[in-house]
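Q: Structure supplied as start.cif; contents: mmCIF, C-alpha atoms, pLDDT in the B column; chains and numbers go by the auth columns.
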```cif
data_final
loop_
_atom_site.group_PDB
_atom_site.id
_atom_site.type_symbol
_atom_site.label_atom_id
_atom_site.label_comp_id
_atom_site.label_asym_id
_atom_site.label_seq_id
_atom_site.Cartn_x
_atom_site.Cartn_y
_atom_site.Cartn_z
_atom_site.B_iso_or_equiv
_atom_site.auth_seq_id
_atom_site.auth_asym_id
ATOM 1 C CA MET A 1 5.152 8.051 13.219 89.00 775 A
ATOM 2 C CA ARG A 2 1.616 7.279 14.340 94.00 776 A
ATOM 3 C CA ILE A 3 -1.780 6.124 13.108 96.00 777 A
ATOM 4 C CA ILE A 4 -3.690 9.215 11.993 95.00 778 A
ATOM 5 C CA ALA A 5 -7.365 8.228 12.420 96.00 779 A
ATOM 6 C CA GLY A 6 -9.789 5.421 13.094 96.00 780 A
ATOM 7 C CA ALA A 7 -9.798 2.663 15.699 97.00 781 A
ATOM 8 C CA TYR A 8 -6.039 2.900 16.357 97.00 782 A
ATOM 9 C CA LYS A 9 -5.745 6.689 16.158 97.00 783 A
ATOM 10 C CA GLY A 10 -2.623 7.955 17.906 96.00 784 A
ATOM 11 C CA LEU A 11 -0.915 4.553 18.092 97.00 785 A
ATOM 12 C CA LYS A 12 2.828 5.115 17.757 96.00 786 A
ATOM 13 C CA LEU A 13 4.558 2.975 15.170 95.00 787 A
ATOM 14 C CA TYR A 14 8.030 1.538 15.251 93.00 788 A
ATOM 15 C CA THR A 15 10.615 2.247 12.578 90.00 789 A
ATOM 16 C CA ASP A 16 14.155 1.057 12.042 83.00 790 A
ATOM 17 C CA LYS A 17 16.331 4.161 12.253 79.00 791 A
ATOM 18 C CA LYS A 18 19.222 2.369 10.502 78.00 792 A
ATOM 19 C CA SER A 19 17.078 1.170 7.605 73.00 793 A
ATOM 20 C CA PRO A 20 17.207 2.828 4.181 70.00 794 A
ATOM 21 C CA VAL A 21 13.420 2.269 3.971 72.00 795 A
ATOM 22 C CA ARG A 22 11.571 5.545 3.501 70.00 796 A
ATOM 23 C CA PRO A 23 8.291 5.170 5.415 78.00 797 A
ATOM 24 C CA THR A 24 5.226 7.038 4.216 84.00 798 A
ATOM 25 C CA ASP A 25 5.112 9.993 6.602 85.00 799 A
ATOM 26 C CA ASP A 26 2.057 11.072 8.608 87.00 800 A
ATOM 27 C CA PHE A 27 1.209 14.022 6.348 90.00 801 A
ATOM 28 C CA THR A 28 1.323 11.952 3.166 91.00 802 A
ATOM 29 C CA ARG A 29 -0.832 9.226 4.747 92.00 803 A
ATOM 30 C CA GLU A 30 -3.300 11.856 5.921 93.00 804 A
ATOM 31 C CA MET A 31 -3.523 13.261 2.379 94.00 805 A
ATOM 32 C CA LEU A 32 -3.934 9.733 0.977 96.00 806 A
ATOM 33 C CA PHE A 33 -6.767 8.770 3.297 96.00 807 A
ATOM 34 C CA ASN A 34 -8.545 12.123 3.009 95.00 808 A
ATOM 35 C CA ILE A 35 -8.847 11.354 -0.708 95.00 809 A
ATOM 36 C CA LEU A 36 -9.903 7.723 -0.206 96.00 810 A
ATOM 37 C CA GLN A 37 -12.468 8.334 2.543 94.00 811 A
ATOM 38 C CA PRO A 38 -14.623 6.562 3.339 95.00 812 A
ATOM 39 C CA ILE A 39 -12.734 3.275 3.210 96.00 813 A
ATOM 40 C CA LYS A 40 -14.984 0.441 2.079 97.00 814 A
ATOM 41 C CA PRO A 41 -15.948 -1.468 5.267 97.00 815 A
ATOM 42 C CA GLY A 42 -14.315 -4.883 5.362 98.00 816 A
ATOM 43 C CA ALA A 43 -12.101 -4.037 2.366 99.00 817 A
ATOM 44 C CA LEU A 44 -9.368 -6.386 1.209 99.00 818 A
ATOM 45 C CA VAL A 45 -6.064 -4.498 0.817 99.00 819 A
ATOM 46 C CA LEU A 46 -2.741 -5.404 -0.794 99.00 820 A
ATOM 47 C CA ASP A 47 0.334 -3.367 0.181 98.00 821 A
ATOM 48 C CA LEU A 48 3.041 -4.574 -2.199 97.00 822 A
ATOM 49 C CA TYR A 49 6.029 -2.738 -0.714 96.00 823 A
ATOM 50 C CA GLY A 50 5.160 -2.823 2.991 96.00 824 A
ATOM 51 C CA GLY A 51 8.050 -0.860 4.508 93.00 825 A
ATOM 52 C CA THR A 52 6.986 -0.335 8.141 94.00 826 A
ATOM 53 C CA GLY A 53 3.384 -1.454 7.611 96.00 827 A
ATOM 54 C CA ALA A 54 2.103 2.065 8.365 96.00 828 A
ATOM 55 C CA VAL A 55 -0.169 2.320 5.305 98.00 829 A
ATOM 56 C CA ALA A 56 -1.626 -1.165 5.854 98.00 830 A
ATOM 57 C CA LEU A 57 -2.256 -0.381 9.534 98.00 831 A
ATOM 58 C CA GLU A 58 -3.935 2.889 8.582 98.00 832 A
ATOM 59 C CA PHE A 59 -6.277 0.919 6.284 98.00 833 A
ATOM 60 C CA LEU A 60 -7.113 -1.472 9.155 99.00 834 A
ATOM 61 C CA SER A 61 -7.643 1.414 11.557 98.00 835 A
ATOM 62 C CA ARG A 62 -10.144 2.945 9.153 98.00 836 A
ATOM 63 C CA GLY A 63 -12.251 -0.172 8.618 98.00 837 A
ATOM 64 C CA ALA A 64 -10.516 -2.476 6.142 99.00 838 A
ATOM 65 C CA GLY A 65 -11.142 -6.128 6.928 99.00 839 A
ATOM 66 C CA PHE A 66 -7.812 -7.710 6.025 99.00 840 A
ATOM 67 C CA VAL A 67 -4.447 -6.602 4.655 99.00 841 A
ATOM 68 C CA TYR A 68 -1.841 -8.529 2.713 98.00 842 A
ATOM 69 C CA ILE A 69 1.562 -6.937 3.217 98.00 843 A
ATOM 70 C CA ASN A 70 4.435 -7.856 0.955 98.00 844 A
ATOM 71 C CA GLU A 71 8.034 -6.850 1.631 96.00 845 A
ATOM 72 C CA LEU A 72 11.444 -8.058 0.504 94.00 846 A
ATOM 73 C CA SER A 73 13.624 -6.764 3.363 93.00 847 A
ATOM 74 C CA ASP A 74 14.000 -8.962 6.457 94.00 848 A
ATOM 75 C CA ASP A 75 14.587 -5.875 8.626 93.00 849 A
ATOM 76 C CA SER A 76 11.388 -4.259 7.350 94.00 850 A
ATOM 77 C CA ILE A 77 9.427 -7.470 7.905 96.00 851 A
ATOM 78 C CA ARG A 78 10.546 -7.485 11.547 96.00 852 A
ATOM 79 C CA VAL A 79 9.315 -3.889 11.921 96.00 853 A
ATOM 80 C CA ILE A 80 5.997 -4.758 10.237 97.00 854 A
ATOM 81 C CA PHE A 81 5.408 -7.670 12.629 98.00 855 A
ATOM 82 C CA ARG A 82 6.324 -5.484 15.595 97.00 856 A
ATOM 83 C CA ASN A 83 3.782 -2.852 14.496 97.00 857 A
ATOM 84 C CA LEU A 84 1.065 -5.452 13.840 98.00 858 A
ATOM 85 C CA GLU A 85 1.658 -6.960 17.295 98.00 859 A
ATOM 86 C CA HIS A 86 1.635 -3.497 18.874 98.00 860 A
ATOM 87 C CA ALA A 87 -1.757 -2.778 17.261 98.00 861 A
ATOM 88 C CA LYS A 88 -3.020 -6.288 18.154 98.00 862 A
ATOM 89 C CA VAL A 89 -4.078 -7.023 14.565 98.00 863 A
ATOM 90 C CA LEU A 90 -1.961 -10.043 13.633 98.00 864 A
ATOM 91 C CA ASP A 91 -5.210 -11.917 12.908 98.00 865 A
ATOM 92 C CA ARG A 92 -6.175 -9.330 10.252 99.00 866 A
ATOM 93 C CA ALA A 93 -2.938 -9.356 8.281 99.00 867 A
ATOM 94 C CA GLN A 94 -0.693 -11.661 6.321 98.00 868 A
ATOM 95 C CA VAL A 95 2.947 -10.707 5.769 98.00 869 A
ATOM 96 C CA THR A 96 5.011 -12.301 3.015 98.00 870 A
ATOM 97 C CA LYS A 97 8.578 -11.923 1.810 98.00 871 A
ATOM 98 C CA SER A 98 8.614 -11.837 -1.966 96.00 872 A
ATOM 99 C CA ASP A 99 9.363 -9.859 -5.076 94.00 873 A
ATOM 100 C CA ALA A 100 6.205 -7.839 -5.808 95.00 874 A
ATOM 101 C CA VAL A 101 5.541 -9.408 -9.225 93.00 875 A
ATOM 102 C CA ARG A 102 5.911 -12.925 -7.800 94.00 876 A
ATOM 103 C CA LYS A 103 3.491 -11.977 -5.029 95.00 877 A
ATOM 104 C CA LEU A 104 0.969 -10.792 -7.619 96.00 878 A
ATOM 105 C CA LYS A 105 1.141 -14.103 -9.459 95.00 879 A
ATOM 106 C CA LYS A 106 0.638 -15.950 -6.162 96.00 880 A
ATOM 107 C CA VAL A 107 -2.477 -13.994 -5.159 96.00 881 A
ATOM 108 C CA GLN A 108 -3.837 -14.470 -8.684 96.00 882 A
ATOM 109 C CA LYS A 109 -3.509 -18.260 -8.279 96.00 883 A
ATOM 110 C CA GLU A 110 -5.288 -17.984 -4.918 96.00 884 A
ATOM 111 C CA GLY A 111 -8.193 -16.173 -6.607 96.00 885 A
ATOM 112 C CA LEU A 112 -7.909 -13.059 -4.439 97.00 886 A
ATOM 113 C CA ARG A 113 -9.383 -9.758 -5.612 97.00 887 A
ATOM 114 C CA PHE A 114 -8.606 -6.510 -3.858 98.00 888 A
ATOM 115 C CA ASP A 115 -10.478 -3.310 -3.102 99.00 889 A
ATOM 116 C CA TYR A 116 -7.247 -1.321 -2.691 99.00 890 A
ATOM 117 C CA ILE A 117 -3.724 -1.993 -3.925 98.00 891 A
ATOM 118 C CA TYR A 118 -0.957 0.258 -2.614 98.00 892 A
ATOM 119 C CA ILE A 119 2.327 0.449 -4.530 97.00 893 A
ATOM 120 C CA ASP A 120 5.228 2.362 -2.956 95.00 894 A
ATOM 121 C CA PRO A 121 8.490 0.904 -4.287 92.00 895 A
ATOM 122 C CA PRO A 122 11.946 2.444 -3.953 84.00 896 A
ATOM 123 C CA TYR A 123 11.972 5.695 -5.928 77.00 897 A
ATOM 124 C CA LYS A 124 13.537 6.168 -9.373 77.00 898 A
ATOM 125 C CA LYS A 125 13.977 2.492 -10.186 81.00 899 A
ATOM 126 C CA GLY A 126 11.188 2.097 -12.750 83.00 900 A
ATOM 127 C CA MET A 127 9.299 -0.330 -10.528 91.00 901 A
ATOM 128 C CA VAL A 128 5.914 1.403 -10.583 94.00 902 A
ATOM 129 C CA LYS A 129 5.219 0.726 -14.278 93.00 903 A
ATOM 130 C CA ARG A 130 6.445 -2.875 -13.970 93.00 904 A
ATOM 131 C CA THR A 131 4.246 -3.442 -10.915 95.00 905 A
ATOM 132 C CA LEU A 132 1.152 -1.751 -12.396 94.00 906 A
ATOM 133 C CA THR A 133 1.536 -3.790 -15.577 94.00 907 A
ATOM 134 C CA ALA A 134 1.656 -6.977 -13.511 94.00 908 A
ATOM 135 C CA VAL A 135 -1.409 -5.914 -11.476 94.00 909 A
ATOM 136 C CA ARG A 136 -3.422 -5.426 -14.673 91.00 910 A
ATOM 137 C CA PHE A 137 -2.140 -8.682 -16.194 90.00 911 A
ATOM 138 C CA CYS A 138 -3.009 -10.672 -13.053 94.00 912 A
ATOM 139 C CA ASP A 139 -6.519 -9.133 -12.900 92.00 913 A
ATOM 140 C CA ILE A 140 -6.690 -9.019 -9.091 96.00 914 A
ATOM 141 C CA LEU A 141 -8.465 -5.664 -8.665 96.00 915 A
ATOM 142 C CA ASN A 142 -12.201 -5.657 -7.924 96.00 916 A
ATOM 143 C CA ALA A 143 -14.377 -3.855 -10.483 95.00 917 A
ATOM 144 C CA THR A 144 -14.660 -0.834 -8.163 96.00 918 A
ATOM 145 C CA GLY A 145 -11.159 -1.234 -6.735 97.00 919 A
ATOM 146 C CA LEU A 146 -8.479 1.434 -6.632 98.00 920 A
ATOM 147 C CA ILE A 147 -4.715 1.374 -7.068 98.00 921 A
ATOM 148 C CA ILE A 148 -2.564 4.000 -5.404 98.00 922 A
ATOM 149 C CA THR A 149 1.093 4.616 -6.217 97.00 923 A
ATOM 150 C CA GLU A 150 3.541 6.686 -4.222 95.00 924 A
ATOM 151 C CA GLN A 151 6.625 7.850 -6.068 93.00 925 A
ATOM 152 C CA GLU A 152 8.950 10.790 -6.601 92.00 926 A
ATOM 153 C CA LYS A 153 7.290 14.111 -7.389 92.00 927 A
ATOM 154 C CA GLU A 154 8.635 14.207 -10.956 92.00 928 A
ATOM 155 C CA ALA A 155 7.031 10.875 -11.874 91.00 929 A
ATOM 156 C CA LYS A 156 4.307 10.998 -14.490 92.00 930 A
ATOM 157 C CA PRO A 157 1.199 8.799 -14.316 93.00 931 A
ATOM 158 C CA VAL A 158 1.675 5.427 -15.963 92.00 932 A
ATOM 159 C CA ASP A 159 -0.275 5.014 -19.192 91.00 933 A
ATOM 160 C CA LEU A 160 -1.710 1.495 -19.472 91.00 934 A
ATOM 161 C CA PRO A 161 -4.737 0.102 -21.316 87.00 935 A
ATOM 162 C CA ASP A 162 -7.765 -0.411 -19.067 88.00 936 A
ATOM 163 C CA LEU A 163 -6.275 1.760 -16.304 92.00 937 A
ATOM 164 C CA VAL A 164 -7.068 5.438 -15.716 95.00 938 A
ATOM 165 C CA CYS A 165 -5.159 7.812 -13.450 96.00 939 A
ATOM 166 C CA TYR A 166 -8.090 9.845 -12.108 96.00 940 A
ATOM 167 C CA ASP A 167 -6.215 11.954 -9.537 97.00 941 A
ATOM 168 C CA GLN A 168 -2.697 12.929 -8.558 96.00 942 A
ATOM 169 C CA ARG A 169 -1.448 14.861 -5.557 96.00 943 A
ATOM 170 C CA PHE A 170 1.915 16.220 -4.525 94.00 944 A
ATOM 171 C CA ARG A 171 3.551 16.767 -1.166 89.00 945 A
ATOM 172 C CA GLY A 172 7.180 17.773 -0.816 89.00 946 A
ATOM 173 C CA SER A 173 9.271 15.380 -2.907 90.00 947 A
ATOM 174 C CA LYS A 174 6.443 12.810 -3.260 92.00 948 A
ATOM 175 C CA SER A 175 3.487 12.233 -5.528 95.00 949 A
ATOM 176 C CA LEU A 176 0.422 10.049 -5.111 97.00 950 A
ATOM 177 C CA HIS A 177 -1.334 8.745 -8.227 97.00 951 A
ATOM 178 C CA PHE A 178 -4.804 7.188 -8.014 98.00 952 A
ATOM 179 C CA TYR A 179 -5.910 4.643 -10.624 97.00 953 A
ATOM 180 C CA LYS A 180 -9.091 2.749 -11.419 96.00 954 A
ATOM 181 C CA GLY A 181 -10.145 0.398 -14.172 89.00 955 A
ATOM 182 C CA ALA A 182 -11.238 2.048 -17.412 78.00 956 A
#
```
Write the structure described by the file as structure tokens, please.
A:
Amino acid sequence: MRIIAGAYKGLKLYTDKKSPVRPTDDFTREMLFNILQPIKPGALVLDLYGGTGAVALEFLSRGAGFVYINELSDDSIRVIFRNLEHAKVLDRAQVTKSDAVRKLKKVQKEGLRFDYIYIDPPYKKGMVKRTLTAVRFCDILNATGLIITEQEKEAKPVDLPDLVCYDQRFRGSKSLHFYKGA
């Protein structure tokens, strides 16, 4: 795994071979960022299910200002810190260990508003709808902000008031859904 483009292009990323975490592969990240380009300079990003930190690092490489990475697994958090150190961007990231919905409530209390929110929970556990509902309830997305979900290919876009799925893409067994405020 590596960073695809931007300031850290080609940087190899660490993974935990023994981990059940399914990192977002290079091709899926390339598809994701081809759709999002250009990344808003200085953007504030929230990655709610951080995994290896690859998506958050790709955002930083392409011009985001700061990333908040949330993850529940201690092993994954160690990998995230290792990748942030390797890229020398510890000063542009905050990593927390929390349930995603609890993290959303915390950032709401802090008054944070994000340009991009990335949601890639474990597949087939119904977590995308729960997380999207919490994002809308907490009102932490900027007016022009975008939410991206990665889930199994069969997953349908989530239908929520004030949230529109404006694009969806498929690659292998995965799907990416892109949302914005209505």
Q: Could you state which residues are captured by the PyMOL selection byres ((chain A and resi 817) around 8) in this file, as an mmCIF file with C-alpha atoms, keeping the file's coordinate frame?
A:
```cif
data_model
loop_
_atom_site.group_PDB
_atom_site.id
_atom_site.type_symbol
_atom_site.label_atom_id
_atom_site.label_comp_id
_atom_site.auth_asym_id
_atom_site.auth_seq_id
_atom_site.Cartn_x
_atom_site.Cartn_y
_atom_site.Cartn_z
ATOM 1 C CA ILE A 813 -12.734 3.275 3.210
ATOM 2 C CA LYS A 814 -14.984 0.441 2.079
ATOM 3 C CA PRO A 815 -15.948 -1.468 5.267
ATOM 4 C CA GLY A 816 -14.315 -4.883 5.362
ATOM 5 C CA LEU A 818 -9.368 -6.386 1.209
ATOM 6 C CA VAL A 819 -6.064 -4.498 0.817
ATOM 7 C CA GLY A 837 -12.251 -0.172 8.618
ATOM 8 C CA ALA A 838 -10.516 -2.476 6.142
ATOM 9 C CA GLY A 839 -11.142 -6.128 6.928
ATOM 10 C CA PHE A 840 -7.812 -7.710 6.025
ATOM 11 C CA PHE A 888 -8.606 -6.510 -3.858
ATOM 12 C CA ASP A 889 -10.478 -3.310 -3.102
ATOM 13 C CA TYR A 890 -7.247 -1.321 -2.691
#
```
Q: Would you mind listing what lies within 8 Å of Gly825 of chain A as a ChimeraX atom specification, with all atoms listed in the file counted and same-chain residues fewer than 4 positions away left out?
A: /A:795-797,845,850-851,854
Q: Write to file, as a compact mmCIF listing (two decimals), keeping the file's coordinate frame, the residues of the selection just made, with C-alpha atoms.
A:
```txt
# COMPACT_ATOMS: atom_id res chain seq x y z
CA VAL A 795 13.42 2.27 3.97
CA ARG A 796 11.57 5.54 3.50
CA PRO A 797 8.29 5.17 5.42
CA GLU A 845 8.03 -6.85 1.63
CA SER A 850 11.39 -4.26 7.35
CA ILE A 851 9.43 -7.47 7.90
CA ILE A 854 6.00 -4.76 10.24
```
Q: Using only C-alpha atoms, find the one residue out of A:Lys783, A:Asp799, A:Lys792, A:Ile922 that sits nearest to Arg945 of chain A.
A: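 Nearest candidate to Arg945 of chain A out of A:Lys783, A:Asp799, A:Lys792, A:Ile922: A:Asp799.
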Q: Please put the answer as AutoDock Vina command-line options: centre and edge lengths, in Å with one decimal, of a box along x, y and z that encloses all listed atoms of segment 905-911 of chain A plus 3 Å on each side.
A:
```
--center_x 0.4 --center_y -5.2 --center_z -13.6 --size_x 13.7 --size_y 12.9 --size_z 11.3
```
Q: Do you have the atom CA of Ala956 of chain A-atom CA of Leu937 of chain A distance handy?
A: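 If I compute the distance from atom CA of Ala956 of chain A to atom CA of Leu937 of chain A, I get 5.1 Å.
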Q: Which value, in Å to one decimal, gives the distance between atom CA of Val869 of chain A and atom CA of Tyr892 of chain A?
A: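 Atom CA of Tyr892 of chain A lies at a distance of 14.3 Å from atom CA of Val869 of chain A.
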Q: Give me the result of the PyMOL selection byres ((chain A and resi 878-886) around 7) on this file, residue by residue, as a ChimeraX atom specification.
A: /A:874-877,887-888,909,912,914
Q: I'd like the neighbourhood of Gly955 of chain A as a PDB file with C-alpha atoms, keeping the file's coordinate frame, where a residue qualifies if any of its atoms comes within 10 Å (using all atoms listed in the file), though same-chain residues fewer than 4 positions away should be ignored.
A:
```pdb
ATOM      1  CA  ARG A 910      -3.422  -5.426 -14.673  1.00 91.00           C
ATOM      2  CA  LEU A 915      -8.465  -5.664  -8.665  1.00 96.00           C
ATOM      3  CA  ASN A 916     -12.201  -5.657  -7.924  1.00 96.00           C
ATOM      4  CA  ALA A 917     -14.377  -3.855 -10.483  1.00 95.00           C
ATOM      5  CA  THR A 918     -14.660  -0.834  -8.163  1.00 96.00           C
ATOM      6  CA  GLY A 919     -11.159  -1.234  -6.735  1.00 97.00           C
ATOM      7  CA  LEU A 920      -8.479   1.434  -6.632  1.00 98.00           C
ATOM      8  CA  ILE A 921      -4.715   1.374  -7.068  1.00 98.00           C
ATOM      9  CA  PRO A 935      -4.737   0.102 -21.316  1.00 87.00           C
ATOM     10  CA  ASP A 936      -7.765  -0.411 -19.067  1.00 88.00           C
ATOM     11  CA  LEU A 937      -6.275   1.760 -16.304  1.00 92.00           C
ATOM     12  CA  VAL A 938      -7.068   5.438 -15.716  1.00 95.00           C
ATOM     13  CA  CYS A 939      -5.159   7.812 -13.450  1.00 96.00           C
ATOM     14  CA  TYR A 940      -8.090   9.845 -12.108  1.00 96.00           C
TER      15      TYR A 940
END
```
Q: By how many Å are atom CA of Pro895 of chain A and atom CA of Pro931 of chain A apart?
A: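 Answer for the atom CA of Pro895 of chain A to atom CA of Pro931 of chain A separation: 14.7 Å.
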Q: Using the chain letters and numbers from this file, what does the PyMOL selection byres ((chain A and resi 798) around 10) select? Give the answer as a list in words.
A: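 When the PyMOL selection byres ((chain A and resi 798) around 10) is applied, the selected residues are Met775, Val795, Arg796, Pro797, Asp799, Asp800, Phe801, Thr802, Arg803, Glu804, Gly824, Gly825, Thr826, Gly827, Ala828, Val829, Asp894, Glu924 and Lys948 of chain A.
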Q: Counting all atoms listed in the file, figure out which residue out of A:Arg904, A:Lys899, A:Arg776, A:Lys791 gets nearest to Asn857 of chain A.
A: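 Of the candidates, the smallest distance to Asn857 of chain A is held by A:Arg776.
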Q: Which polymer residues have any atom within 10 Å of an atom of Met805 of chain A, counting all atoms listed in the file, with same-chain residues fewer than 6 positions away left out, as a list in words?
A: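 Once the nearby chain positions are removed, what remains is Arg943, Phe944, Arg945 and Leu950 of chain A.
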Q: Taking all atoms listed in the file into account, which of A:Leu820, A:Leu785, A:Ala908, A:Phe855 comes nearest Val841 of chain A?
A: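 Using all atoms listed in the file, Val841 of chain A sits closest to A:Leu820.
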Q: Pick out the residues sitting within 12 Å of Lys898 of chain A, and hand them over as a ChimeraX atom specification; count all atoms listed in the file, and ignore anything fewer than 4 positions along from it in its own chain.
A: /A:894,902-903,924-930,948
Q: Calculated over only C-alpha atoms, which of the candidates A:Ala867, A:Ile809, A:Glu832, A:Arg856 has the smallest distance to Asn844 of chain A?
A: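 For Asn844 of chain A, the nearest of the candidates is A:Ala867.
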Q: Which residue, A:Ile893, A:Val853, A:Val932, A:Leu858, has the smallest gap to Asp821 of chain A when you use only C-alpha atoms?
A: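 Distance minimum relative to Asp821 of chain A lands on A:Ile893.
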Q: Ranking A:Leu806, A:Ala779, A:Leu906, A:Leu822 by minimum distance to Gln942 of chain A and counting all atoms listed in the file, which one comes first?
A: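 The answer is A:Leu806, which sits nearest to Gln942 of chain A.
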